$ cat data-v8.pdb   # PDB, C-alpha atoms and all ligand atoms
MODEL        1
ATOM      1  CA  MET A 182       0.377  15.410  -1.657
ATOM      2  CA  ALA A 183       0.576  18.796  -0.002
ATOM      3  CA  GLU A 184      -2.563  20.083  -1.727
ATOM      4  CA  ARG A 185      -5.724  18.094  -0.998
ATOM      5  CA  ILE A 186      -8.289  19.464  -3.402
ATOM      6  CA  ALA A 187     -10.781  16.988  -4.833
ATOM      7  CA  LEU A 188     -13.203  17.480  -7.704
ATOM      8  CA  VAL A 189     -16.241  15.195  -7.656
ATOM      9  CA  THR A 190     -18.470  15.372 -10.737
ATOM     10  CA  GLY A 191     -22.239  14.880 -10.568
ATOM     11  CA  ALA A 192     -22.080  15.349  -6.795
ATOM     12  CA  GLY A 193     -25.430  17.074  -6.277
ATOM     13  CA  ARG A 194     -27.116  13.809  -5.317
ATOM     14  CA  GLY A 195     -26.672  10.039  -5.264
ATOM     15  CA  LEU A 196     -23.271   8.412  -4.993
ATOM     16  CA  GLY A 197     -21.424  11.619  -5.927
ATOM     17  CA  ALA A 198     -22.929  13.557  -3.019
ATOM     18  CA  GLU A 199     -21.882  10.842  -0.570
ATOM     19  CA  ILE A 200     -18.387  10.680  -2.072
ATOM     20  CA  ALA A 201     -18.056  14.465  -1.741
ATOM     21  CA  ARG A 202     -19.216  14.409   1.909
ATOM     22  CA  THR A 203     -16.844  11.560   2.750
ATOM     23  CA  LEU A 204     -13.794  13.193   1.156
ATOM     24  CA  ALA A 205     -14.590  16.430   2.985
ATOM     25  CA  ALA A 206     -14.828  14.522   6.271
ATOM     26  CA  ASP A 207     -11.366  13.114   5.474
ATOM     27  CA  GLY A 208      -9.987  16.648   5.218
ATOM     28  CA  TRP A 209     -10.162  17.249   1.473
ATOM     29  CA  THR A 210     -11.361  20.590   0.184
ATOM     30  CA  VAL A 211     -14.054  19.463  -2.233
ATOM     31  CA  ALA A 212     -15.067  21.097  -5.491
ATOM     32  CA  VAL A 213     -18.655  19.899  -5.822
ATOM     33  CA  ASN A 214     -19.761  19.769  -9.442
ATOM     34  CA  ASP A 215     -23.185  19.227 -10.899
ATOM     35  CA  LEU A 216     -25.060  20.407 -13.931
ATOM     36  CA  VAL A 217     -26.815  23.210 -12.086
ATOM     37  CA  GLU A 218     -25.690  25.367  -9.163
ATOM     38  CA  PRO A 219     -28.528  24.709  -6.634
ATOM     39  CA  SER A 220     -27.935  20.974  -6.792
ATOM     40  CA  ALA A 221     -24.177  21.309  -6.173
ATOM     41  CA  GLN A 222     -24.789  23.950  -3.506
ATOM     42  CA  ALA A 223     -27.022  21.576  -1.497
ATOM     43  CA  THR A 224     -24.083  19.181  -1.110
ATOM     44  CA  VAL A 225     -21.758  22.072  -0.257
ATOM     45  CA  ASP A 226     -24.184  23.208   2.466
ATOM     46  CA  ALA A 227     -24.267  19.674   3.930
ATOM     47  CA  ILE A 228     -20.455  19.531   3.957
ATOM     48  CA  ARG A 229     -20.109  22.946   5.607
ATOM     49  CA  ALA A 230     -22.716  21.984   8.222
ATOM     50  CA  GLN A 231     -20.380  19.120   9.157
ATOM     51  CA  GLY A 232     -17.417  21.523   9.409
ATOM     52  CA  GLY A 233     -15.905  20.582   6.059
ATOM     53  CA  GLU A 234     -14.607  22.767   3.234
ATOM     54  CA  ALA A 235     -16.328  22.803  -0.141
ATOM     55  CA  ALA A 236     -17.473  25.035  -2.973
ATOM     56  CA  ALA A 237     -20.007  24.538  -5.755
ATOM     57  CA  PHE A 238     -19.017  24.541  -9.424
ATOM     58  CA  ALA A 239     -21.811  24.073 -11.945
ATOM     59  CA  ALA A 240     -20.697  22.741 -15.329
ATOM     60  CA  ASP A 241     -21.628  20.195 -17.979
ATOM     61  CA  VAL A 242     -18.702  17.780 -17.671
ATOM     62  CA  THR A 243     -19.325  16.322 -21.130
ATOM     63  CA  ASP A 244     -18.525  19.681 -22.777
ATOM     64  CA  GLU A 245     -14.893  20.458 -23.627
ATOM     65  CA  ASP A 246     -14.964  24.207 -22.992
ATOM     66  CA  ALA A 247     -17.058  23.758 -19.856
ATOM     67  CA  VAL A 248     -14.557  21.296 -18.347
ATOM     68  CA  ALA A 249     -11.588  23.538 -19.166
ATOM     69  CA  GLY A 250     -13.436  26.436 -17.519
ATOM     70  CA  LEU A 251     -14.444  24.292 -14.538
ATOM     71  CA  VAL A 252     -10.894  23.236 -13.724
ATOM     72  CA  ALA A 253      -9.595  26.764 -14.308
ATOM     73  CA  ARG A 254     -12.187  28.186 -11.871
ATOM     74  CA  ILE A 255     -11.391  25.575  -9.215
ATOM     75  CA  THR A 256      -7.649  26.116  -9.587
ATOM     76  CA  ALA A 257      -8.053  29.892  -9.283
ATOM     77  CA  SER A 258     -10.276  29.778  -6.204
ATOM     78  CA  LEU A 259      -9.167  26.646  -4.320
ATOM     79  CA  GLY A 260      -5.843  25.574  -5.876
ATOM     80  CA  PRO A 261      -4.764  22.705  -8.155
ATOM     81  CA  VAL A 262      -7.049  19.677  -8.282
ATOM     82  CA  THR A 263      -5.090  16.716  -6.900
ATOM     83  CA  ALA A 264      -7.943  14.202  -6.940
ATOM     84  CA  VAL A 265     -10.705  13.890  -9.495
ATOM     85  CA  VAL A 266     -13.658  11.512  -9.221
ATOM     86  CA  ALA A 267     -15.446  11.031 -12.564
ATOM     87  CA  ASN A 268     -18.911  10.106 -11.324
ATOM     88  CA  ALA A 269     -21.484  12.114 -13.312
ATOM     89  CA  SER A 270     -24.025  10.211 -15.341
ATOM     90  CA  GLY A 271     -27.054  10.970 -17.464
ATOM     91  CA  PRO A 272     -30.148   8.757 -17.901
ATOM     92  CA  GLN A 273     -29.550   5.016 -18.145
ATOM     93  CA  PRO A 274     -32.437   3.487 -20.114
ATOM     94  CA  GLU A 275     -32.711  -0.272 -20.666
ATOM     95  CA  ILE A 276     -32.793  -0.854 -24.470
ATOM     96  CA  PRO A 277     -32.627  -4.205 -26.301
ATOM     97  CA  LEU A 278     -30.485  -4.454 -29.442
ATOM     98  CA  GLU A 279     -33.503  -4.486 -31.782
ATOM     99  CA  ASP A 280     -34.367  -0.963 -30.591
ATOM    100  CA  LEU A 281     -30.833   0.306 -29.995
ATOM    101  CA  ALA A 282     -29.489   3.183 -32.120
ATOM    102  CA  TRP A 283     -26.029   4.736 -32.196
ATOM    103  CA  THR A 284     -27.618   7.827 -30.680
ATOM    104  CA  ASP A 285     -28.461   5.693 -27.616
ATOM    105  CA  VAL A 286     -24.838   4.565 -27.210
ATOM    106  CA  LEU A 287     -23.175   7.930 -27.753
ATOM    107  CA  PRO A 288     -24.403   9.642 -24.540
ATOM    108  CA  HIS A 289     -22.845   6.857 -22.456
ATOM    109  CA  LEU A 290     -19.536   7.323 -24.269
ATOM    110  CA  GLU A 291     -19.787  11.063 -23.634
ATOM    111  CA  PHE A 292     -20.243  10.518 -19.886
ATOM    112  CA  PHE A 293     -17.885   7.598 -19.380
ATOM    113  CA  ALA A 294     -15.142   8.146 -21.994
ATOM    114  CA  LYS A 295     -15.249  11.757 -23.229
ATOM    115  CA  SER A 296     -15.831  13.357 -19.831
ATOM    116  CA  PRO A 297     -13.064  11.389 -18.038
ATOM    117  CA  LEU A 298     -10.706  12.313 -20.910
ATOM    118  CA  LEU A 299     -11.558  16.015 -20.677
ATOM    119  CA  LEU A 300     -11.182  15.930 -16.893
ATOM    120  CA  ALA A 301      -7.879  14.047 -16.896
ATOM    121  CA  LYS A 302      -6.308  16.382 -19.462
ATOM    122  CA  ALA A 303      -7.508  19.451 -17.588
ATOM    123  CA  VAL A 304      -6.182  18.357 -14.172
ATOM    124  CA  LEU A 305      -2.940  16.781 -15.379
ATOM    125  CA  PRO A 306      -0.735  19.911 -15.356
ATOM    126  CA  GLY A 307      -1.806  20.726 -11.786
ATOM    127  CA  MET A 308      -1.228  17.156 -10.599
ATOM    128  CA  LYS A 309       2.213  17.035 -12.203
ATOM    129  CA  ALA A 310       3.137  20.350 -10.602
ATOM    130  CA  ALA A 311       1.842  19.117  -7.240
ATOM    131  CA  GLY A 312       4.010  15.991  -7.479
ATOM    132  CA  GLY A 313       1.136  13.517  -7.709
ATOM    133  CA  GLY A 314      -2.569  12.960  -7.905
ATOM    134  CA  ARG A 315      -5.472  10.563  -7.926
ATOM    135  CA  ILE A 316      -7.939   9.806 -10.699
ATOM    136  CA  VAL A 317     -10.915   7.641  -9.742
ATOM    137  CA  HIS A 318     -13.487   6.506 -12.280
ATOM    138  CA  ILE A 319     -16.913   5.338 -11.138
ATOM    139  CA  GLY A 320     -17.632   2.360 -13.374
ATOM    140  CA  SER A 321     -20.220  -0.352 -12.848
ATOM    141  CA  ASP A 322     -20.151  -4.080 -12.245
ATOM    142  CA  LEU A 323     -22.859  -4.349 -14.920
ATOM    143  CA  PHE A 324     -19.917  -4.492 -17.353
ATOM    144  CA  GLU A 325     -18.967  -7.863 -15.861
ATOM    145  CA  ARG A 326     -22.551  -9.071 -15.316
ATOM    146  CA  GLY A 327     -23.541  -8.397 -18.923
ATOM    147  CA  ASP A 328     -27.261  -7.990 -18.229
ATOM    148  CA  PRO A 329     -29.495  -7.941 -21.359
ATOM    149  CA  GLY A 330     -30.723  -4.497 -22.402
ATOM    150  CA  TRP A 331     -27.734  -2.673 -20.920
ATOM    151  CA  SER A 332     -25.206  -2.955 -23.763
ATOM    152  CA  ALA A 333     -24.997   0.811 -24.421
ATOM    153  CA  TYR A 334     -24.318   1.596 -20.761
ATOM    154  CA  MET A 335     -21.804  -1.259 -20.599
ATOM    155  CA  ALA A 336     -20.031   0.051 -23.695
ATOM    156  CA  GLY A 337     -19.459   3.314 -21.830
ATOM    157  CA  LYS A 338     -18.343   1.671 -18.605
ATOM    158  CA  GLY A 339     -16.088  -0.719 -20.553
ATOM    159  CA  ALA A 340     -14.458   2.232 -22.296
ATOM    160  CA  MET A 341     -13.911   3.817 -18.896
ATOM    161  CA  LEU A 342     -12.041   0.713 -17.725
ATOM    162  CA  GLY A 343      -9.843   0.836 -20.820
ATOM    163  CA  LEU A 344      -8.948   4.456 -20.112
ATOM    164  CA  THR A 345      -8.226   3.558 -16.480
ATOM    165  CA  ARG A 346      -5.736   0.864 -17.422
ATOM    166  CA  GLY A 347      -3.966   2.853 -20.128
ATOM    167  CA  TRP A 348      -3.595   6.023 -18.064
ATOM    168  CA  ALA A 349      -2.427   4.097 -14.996
ATOM    169  CA  ARG A 350       0.593   2.912 -16.986
ATOM    170  CA  GLU A 351       1.194   6.363 -18.473
ATOM    171  CA  LEU A 352       0.876   8.413 -15.300
ATOM    172  CA  GLY A 353       2.387   6.269 -12.558
ATOM    173  CA  ARG A 354       5.785   7.883 -13.119
ATOM    174  CA  TYR A 355       4.299  11.212 -11.977
ATOM    175  CA  GLY A 356       2.884   9.787  -8.752
ATOM    176  CA  ILE A 357      -0.589   9.821 -10.267
ATOM    177  CA  THR A 358      -2.750   6.720  -9.773
ATOM    178  CA  VAL A 359      -5.802   5.848 -11.854
ATOM    179  CA  ASN A 360      -8.369   3.349 -10.598
ATOM    180  CA  LEU A 361     -11.968   2.378 -11.253
ATOM    181  CA  VAL A 362     -14.595   1.633  -8.600
ATOM    182  CA  ALA A 363     -17.345  -0.653  -9.903
ATOM    183  CA  PRO A 364     -20.467  -0.502  -7.720
ATOM    184  CA  GLY A 365     -23.163  -3.116  -7.819
ATOM    185  CA  TRP A 366     -26.717  -1.827  -7.421
ATOM    186  CA  ILE A 367     -26.602   0.843  -4.738
ATOM    187  CA  PRO A 368     -30.063   2.379  -4.343
ATOM    188  CA  VAL A 369     -30.030   6.196  -4.350
ATOM    189  CA  GLU A 370     -32.717   8.896  -4.573
ATOM    190  CA  ARG A 371     -33.545   8.127  -8.198
ATOM    191  CA  HIS A 372     -34.486   4.525  -7.350
ATOM    192  CA  GLY A 373     -37.300   5.637  -5.021
ATOM    193  CA  THR A 374     -38.584   3.340  -2.279
ATOM    194  CA  LEU A 375     -37.862  -0.346  -2.775
ATOM    195  CA  THR A 376     -40.308  -3.055  -1.796
ATOM    196  CA  PRO A 377     -39.092  -5.693   0.692
ATOM    197  CA  GLU A 378     -39.516  -8.298  -2.077
ATOM    198  CA  VAL A 379     -37.180  -6.425  -4.423
ATOM    199  CA  GLU A 380     -34.589  -5.969  -1.685
ATOM    200  CA  ALA A 381     -34.765  -9.613  -0.586
ATOM    201  CA  GLY A 382     -34.504 -10.847  -4.177
ATOM    202  CA  TRP A 383     -31.432  -8.746  -4.796
ATOM    203  CA  GLN A 384     -29.753  -9.628  -1.524
ATOM    204  CA  ARG A 385     -30.099 -13.350  -2.275
ATOM    205  CA  GLN A 386     -27.715 -12.809  -5.211
ATOM    206  CA  GLN A 387     -25.016 -11.319  -3.002
ATOM    207  CA  ALA A 388     -22.534 -12.948  -0.616
ATOM    208  CA  VAL A 389     -23.097 -10.127   1.878
ATOM    209  CA  GLN A 390     -26.812 -10.219   2.682
ATOM    210  CA  ARG A 391     -27.753  -6.543   2.727
ATOM    211  CA  MET A 392     -28.261  -3.776   0.189
ATOM    212  CA  GLY A 393     -25.186  -1.739  -0.631
ATOM    213  CA  ILE A 394     -25.295   1.864   0.524
ATOM    214  CA  PRO A 395     -23.590   4.949  -0.948
ATOM    215  CA  ALA A 396     -21.179   4.986   2.003
ATOM    216  CA  ASP A 397     -19.771   1.627   0.809
ATOM    217  CA  VAL A 398     -18.744   3.239  -2.479
ATOM    218  CA  ALA A 399     -17.584   6.491  -0.863
ATOM    219  CA  ALA A 400     -15.314   4.642   1.591
ATOM    220  CA  THR A 401     -13.613   2.846  -1.293
ATOM    221  CA  VAL A 402     -13.069   6.097  -3.165
ATOM    222  CA  ALA A 403     -11.743   7.741   0.015
ATOM    223  CA  PHE A 404      -9.178   4.968   0.376
ATOM    224  CA  LEU A 405      -8.100   5.183  -3.266
ATOM    225  CA  VAL A 406      -7.489   8.939  -3.083
ATOM    226  CA  SER A 407      -5.587   8.634   0.196
ATOM    227  CA  ASP A 408      -1.808   8.387   0.569
ATOM    228  CA  LYS A 409      -2.322   4.796   1.767
ATOM    229  CA  ALA A 410      -3.330   3.752  -1.751
ATOM    230  CA  ALA A 411      -0.226   5.179  -3.457
ATOM    231  CA  PHE A 412       0.872   1.733  -4.750
ATOM    232  CA  ILE A 413      -2.517   0.764  -6.216
ATOM    233  CA  THR A 414      -3.129   1.758  -9.821
ATOM    234  CA  GLY A 415      -4.902   0.450 -12.909
ATOM    235  CA  GLU A 416      -7.276  -1.532 -10.716
ATOM    236  CA  ARG A 417     -10.987  -2.177 -10.944
ATOM    237  CA  ILE A 418     -12.465  -2.596  -7.476
ATOM    238  CA  ALA A 419     -15.994  -3.985  -7.293
ATOM    239  CA  VAL A 420     -18.191  -2.773  -4.429
ATOM    240  CA  ASN A 421     -21.079  -5.199  -4.753
ATOM    241  CA  GLY A 422     -21.259  -7.378  -1.648
ATOM    242  CA  GLY A 423     -19.797 -10.277  -3.618
ATOM    243  CA  GLN A 424     -22.722 -10.418  -6.042
ATOM    244  CA  TYR A 425     -20.377 -10.923  -8.942
ATOM    245  CA  LEU A 426     -16.790 -12.160  -8.603
ATOM    246  CA  GLY A 427     -14.514 -11.340 -11.489
TER
HETATM  247  N1  LIG B 501     -26.446   3.827  -7.982
HETATM  248  C1  LIG B 501     -26.099   2.672  -8.538
HETATM  249  O1  LIG B 501     -26.739   1.632  -8.327
HETATM  250  C2  LIG B 501     -24.892   2.604  -9.442
HETATM  251  C3  LIG B 501     -24.384   1.336  -9.759
HETATM  252  C4  LIG B 501     -23.273   1.229 -10.574
HETATM  253  C5  LIG B 501     -22.678   2.387 -11.058
HETATM  254  N2  LIG B 501     -23.194   3.609 -10.750
HETATM  255  C6  LIG B 501     -22.530   4.787 -11.296
HETATM  256  O2  LIG B 501     -22.306   5.714 -10.271
HETATM  257  C7  LIG B 501     -22.375   7.042 -10.779
HETATM  258  C8  LIG B 501     -23.390   7.846  -9.967
HETATM  259  O3  LIG B 501     -24.631   7.164 -10.057
HETATM  260  P1  LIG B 501     -25.911   7.646  -9.228
HETATM  261  O4  LIG B 501     -26.731   6.431  -9.063
HETATM  262  O5  LIG B 501     -25.484   8.417  -8.049
HETATM  263  O6  LIG B 501     -26.610   8.593 -10.327
HETATM  264  P2  LIG B 501     -27.507   9.908 -10.143
HETATM  265  O7  LIG B 501     -28.308  10.003 -11.395
HETATM  266  O8  LIG B 501     -28.235   9.873  -8.843
HETATM  267  O9  LIG B 501     -26.437  11.089 -10.073
HETATM  268  C9  LIG B 501     -25.790  11.552 -11.224
HETATM  269  C10 LIG B 501     -25.501  13.029 -11.044
HETATM  270  O10 LIG B 501     -24.828  13.496 -12.227
HETATM  271  C11 LIG B 501     -25.373  14.786 -12.538
HETATM  272  N3  LIG B 501     -25.163  15.106 -13.948
HETATM  273  C12 LIG B 501     -25.915  14.693 -15.012
HETATM  274  N4  LIG B 501     -25.412  15.194 -16.142
HETATM  275  C13 LIG B 501     -24.326  15.933 -15.807
HETATM  276  C14 LIG B 501     -23.402  16.696 -16.560
HETATM  277  N5  LIG B 501     -23.475  16.756 -17.910
HETATM  278  N6  LIG B 501     -22.414  17.351 -15.906
HETATM  279  C15 LIG B 501     -22.337  17.291 -14.537
HETATM  280  N7  LIG B 501     -23.186  16.565 -13.778
HETATM  281  C16 LIG B 501     -24.169  15.901 -14.397
HETATM  282  C17 LIG B 501     -26.848  14.656 -12.199
HETATM  283  O11 LIG B 501     -27.466  15.934 -12.069
HETATM  284  C18 LIG B 501     -26.784  13.877 -10.887
HETATM  285  O12 LIG B 501     -26.664  14.730  -9.770
HETATM  286  C19 LIG B 501     -22.730   6.904 -12.264
HETATM  287  O13 LIG B 501     -21.558   6.966 -13.029
HETATM  288  C20 LIG B 501     -23.362   5.530 -12.331
HETATM  289  O14 LIG B 501     -23.237   4.959 -13.619
HETATM  290  C21 LIG B 501     -24.292   3.736  -9.952
ENDMDL
END
$ encode --input "data-v8.pdb" --output "structure tokens" --more "lines below"
Ligand SMILES: NC(=O)c1ccc[n+]([C@@H]2O[C@H](COP(=O)([O-])OP(=O)(O)OC[C@H]3O[C@@H](n4cnc5c(N)ncnc54)[C@H](O)[C@@H]3O)[C@@H](O)[C@H]2O)c1
Amino acid sequence: MAERIALVTGAGRGLGAEIARTLAADGWTVAVNDLVEPSAQATVDAIRAQGGEAAAFAADVTDEDAVAGLVARITASLGPVTAVVANASGPQPEIPLEDLAWTDVLPHLEFFAKSPLLLAKAVLPGMKAAGGGRIVHIGSDLFERGDPGWSAYMAGKGAMLGLTRGWARELGRYGITVNLVAPGWIPVERHGTLTPEVEAGWQRQQAVQRMGIPADVAATVAFLVSDKAAFITGERIAVNGGQYLG
């Protein structure tokens, strides 16, 4: 790919911010998206401080017009998006079936099925014109673990995997790969400070005896968007220290 312009959604904090910083360090020009400008701009400032290239683009990536406008603005100011990382997420409450309503499931489908669809359709013409591209979905290994109380979230992440597989087969002919990265629990800002007991309990479930860090996820995404991963598509890659094998 001649053009190396990556869009990372929900990149104002958490895993998205680390993914954005890592892609910038790898030489990508990064379009940093989040819901509000100051949040995205903080990641842009961090990237520029490291000598990388980035710009902030606030938008609600679950809204059809907003996503069309987002990709149009990026294309006009930076060039065609050749890698998109669908990472943004809203709240993820734990809700047992007895209390679960359709209105609890729908937001997850908006983040993990609707938003990836809007993004993929918006970037597709640019990727085709550029002769290739990379689509990376941030899923979750909760889909495989099947923890109680998380069915709505898992429905969204499961839908995301379905989209990954279908689009991989549709888009490979254009040099576009589509993969899903499934993190285990990777503590970020929103998880606060963990007690040693919580960390030790979690680590005992993993083959690799440490907590995962955002850089573990970002490194996997960086590989998948690189030229080295051109022959990998339709895959789900778990980044969970071997906590769940499947
Ligand atoms: N951290 C983990 O343990 C973990 C594990 C498995 C999967 N994941 C997945 O990784 C992704 C990132 O998770 P995180 O832990 O960094 O979450 P996070 O809540 O820290 O970050 C999500 C970001 O998305 C932004 N956002 C929210 N609504 C948006 C919208 N409509 N448009 C644009 N941006 C919006 C938020 O402002 C926030 O900056 C999510 O898809 C999550 O499901 C995380």
$ residues_near_ligand --input "data-v8.pdb" --ligand "ligand LIG 501 (chain B)" --cutoff "6 Å" --atoms "only C-alpha atoms and all ligand atoms" --output "list in words"
Thr190, Gly191, Ala192, Gly193, Arg194, Gly195, Leu196, Gly197, Asp215, Leu216, Ala240, Asp241, Val242, Thr243, Asn268, Ala269, Ser270, Gly271, Ile319, Gly320, Ser321, Pro364, Gly365, Trp366, Ile367, Pro368, Val369 and Arg371 of chain A
$ resolve_selection --input "data-v8.pdb" --expression "the PyMOL selection byres (((chain A and resi 275) around 7) and not hetatm)" --output "PyMOL selection string"
chain A and resi 273-274+276-277+330-331
$ atom_distance --input "data-v8.pdb" --atom1 "atom CA of Leu323 of chain A" --atom2 "atom CA of Gly353 of chain A"
27.5 Å
$ closest_residue --input "data-v8.pdb" --among "A:Val262, A:Ala333, A:Ala301, A:Ala311" --to "Leu281 of chain A" --atoms "only C-alpha atoms"
A:Ala333
$ closest_residue --input "data-v8.pdb" --among "A:Val402, A:Ala411, A:Ala253, A:Val389" --to "Leu361 of chain A" --atoms "only C-alpha atoms"
A:Val402
$ closest_residue --input "data-v8.pdb" --among "A:Val317, A:Ala223, A:Ala294, A:Val248" --to "Ala236 of chain A" --atoms "all atoms listed in the file"
A:Ala223
$ closest_residue --input "data-v8.pdb" --among "A:Trp348, A:Leu259, A:Ala400, A:Leu251" --to "Ala201 of chain A" --atoms "all atoms listed in the file"
A:Ala400
$ resolve_selection --input "data-v8.pdb" --expression "the PyMOL selection byres (((chain A and resi 249) around 10) and not hetatm)" --output "VMD selection string"
chain A and resid 240 242 244 to 248 250 to 254 299 to 300 302 to 304
$ residues_around --input "data-v8.pdb" --residues "Trp383 of chain A" --least-positions-apart "6" --cutoff "9 Å" --atoms "all atoms listed in the file" --output "count of residues only"
5
$ residues_around --input "data-v8.pdb" --residues "Lys309 of chain A" --least-positions-apart "5" --cutoff "9 Å" --atoms "all atoms listed in the file" --output "list in words"
Val304, Gly314, Tyr355, Gly356 and Ile357 of chain A
